[in-house]
Amino acid sequence: MIREHVSDFDPTLPIRAKHGDEQAFIRIVEFYYPRCLRFARNMLGGEQDAEEAVQDAFVRVHDSFPRFREDARFDPWLFRILANRCRTLMARNRRHRSLIEYGDIPLTASAEQEIGADWAEEVRVVLDSLPPEQREAFLLRHVEDLSYEDISAMTGAGLSALRMRVKRACDALRARLTEAIQNER
Amino acid sequence: MNDERDEVIDRAARVLSAMPPAKPGAVARVLMAVRANQARPLPFWRRMARGIDETSVSAKAASLLVAASLLVGFFARGTVDGSVAPFGGVSGAEVALQPVANGSAENRPVPVAMAFDLANAKSVSVVGDFNGWDPSATPMQRVGRDGPWSATVFARPGRHTYAYMVDGATLVTDPRAPRARSTDFGGDASVMMVRTP
């Protein structure tokens with residue numbers, strides 16, 4: 001699904017944008033906005049925060065284009081900037097409301113949540129309960145379809161640490177969602 | 001590629017892969033934010049970080065701008081009295097500002113009262129083609145403690161595109177105005193028609 005989306009992208013656009021072609025930049029924004037919004041919403045949960053993160057990220061992308069290496073891949077570079085903006089917003093929000101502590105995953109939900117819970121909503125509930133590092137690694141790997149090498153370059157985390165974060169995220173999702181699937185049947 | 005994946009993870013990934021619907025004009029707002037950011041003066045350390053070549057070009061451009069400003073100021077001195085149009089909208093005849101390039105009365109900038117209701121904002125400014133999309137050009141003032149934000153802009157008769165910059169970071173279109181493709185960004189912005197006074 002993601003691959004088909006990426007195949008439509010003209011790979012010369014980032015280089016043209018780097019050299020000041022505003023139309024190329026506009027096409028980049030038009031092409032990547034939905035994907036960036038998806039990642040930001042999955043990371044942050046709220047629509048308004050997600051839109052803010054995406055807007056800030058593109059402003060920084062435009063500012064940073066002179067430093068974009070022409071032999072580098074654009075996706076990891078863009079998502080590194082976007083992931084940084086998401087982390088900044090999460091840190092800001094943490095000052096205003098309490099979040100689930102790192103490493104703590106709720107083991108059981110209330111009966112009201114379990115019975116008749118919508119599958120998509122359940123996925124988001126579990127995703128929101130993950131520590132931010134695990135959520136980010138899972139989304140970049142299994143939703144944005146980036147390689148571990150790309151994610152490592154983006155986040156600065158080692159490959160083994162990233163694999164562990166993704167594994168823990170998958171374990172948590174599997175533990176909570178298997179029950180929801182059984183309830184569906 | 002398929003590490004850790006099974007039916008459950010595949011289904012979860014499919015849910016999370018759905019593209020969220022973007023609000024109308026979302027891309028345009030991003031492009032306006034980029035443009036507005038470009039219009040902001042660079043901080044001192046970033047100006048210094050730029051190369052000597054670029055600095056020398058900027059210095060030349062700045063010199064030309066100063067010289068042009070002095071010339072405009074000299075010729076316009078007798079026609080500007082500094083009066084400011086009050087909020088609420090006034091006729092163009094009350095505007096003392098005279099266009100230097102075009103002496104036609106029909107083409108004089110007209111004061112336009114702008115109002116925008118956003119209770120939670122800390123600051124709001126009007127940006128549009130009439131002020132170069134500069135967020136610092138037209139800051140809005142709150143009317144009363146919880147009232148709407150207001151400002152007066154000067155725009156020549158005709159069609160203009162604009163938006164509101166909220167808290168210095170987020171561009172918002174006017175919910176009461178129609179939207180159209182902005183020639184500045186290739187995306188949507190709010191539209192207003194300014195009549196000849």
# chains A, B, ... in the order shown; residues from 1 in each chain; ligands from 1
>>> closest_atom_pairs(of="chain A", to="chain B", cutoff="8 Å", atoms="only C-alpha atoms", output="Markdown table")
| residue | atom | partner | partner_atom | distance |
| --- | --- | --- | --- | --- |
| A:Ile26 | CA | B:Leu31 | CA | 7.2 |
| A:Val29 | CA | B:Val27 | CA | 6.7 |
| A:Glu30 | CA | B:Val27 | CA | 6.2 |
| A:Tyr33 | CA | B:Val27 | CA | 7.0 |
| A:Pro34 | CA | B:Met19 | CA | 6.1 |
| A:Arg35 | CA | B:Met19 | CA | 6.6 |
| A:Leu37 | CA | B:Pro20 | CA | 7.0 |
| A:Arg38 | CA | B:Met19 | CA | 5.7 |
| A:Asn42 | CA | B:Leu16 | CA | 7.1 |
| A:Glu52 | CA | B:Thr170 | CA | 7.0 |
| A:Gln55 | CA | B:Val30 | CA | 5.1 |
| A:Asp56 | CA | B:Ala169 | CA | 7.8 |
| A:Phe58 | CA | B:Val30 | CA | 7.0 |
| A:Val59 | CA | B:Val34 | CA | 4.9 |
| A:His62 | CA | B:Val34 | CA | 7.1 |
| A:Ala120 | CA | B:Val15 | CA | 6.0 |
| A:Val123 | CA | B:Ala12 | CA | 6.1 |
| A:Arg124 | CA | B:Leu16 | CA | 8.0 |
| A:His142 | CA | B:Ala13 | CA | 6.3 |
| A:Val143 | CA | B:Ser17 | CA | 5.6 |
| A:Glu144 | CA | B:Ser17 | CA | 7.8 |
| A:Ser147 | CA | B:Met1 | CA | 7.9 |
| A:Lys167 | CA | B:Glu4 | CA | 6.6 |
| A:Cys170 | CA | B:Ile9 | CA | 6.7 |
| A:Leu173 | CA | B:Ile9 | CA | 7.2 |
| A:Arg174 | CA | B:Val8 | CA | 6.1 |
| A:Leu177 | CA | B:Val8 | CA | 6.8 |
| A:Thr178 | CA | B:Val8 | CA | 6.6 |
>>> select_by_dssp(residues="range 23-185 of chain A", states="helix (DSSP H, G or I)", output="PyMOL selection string")
chain A and resi 23-44+47-67+74-94+111-114+119-129+132-143+148-155+159-184
>>> residues_around(residues="Tyr148 in chain A", least_positions_apart="6", cutoff="8 Å", atoms="only C-alpha atoms", output="PyMOL selection string")
chain A and resi 141+159+162-163
>>> closest_residue(among="A:Asp75, A:Asp49, A:Glu133, A:Glu122", to="Arg165 in chain A", atoms="only C-alpha atoms")
A:Glu133
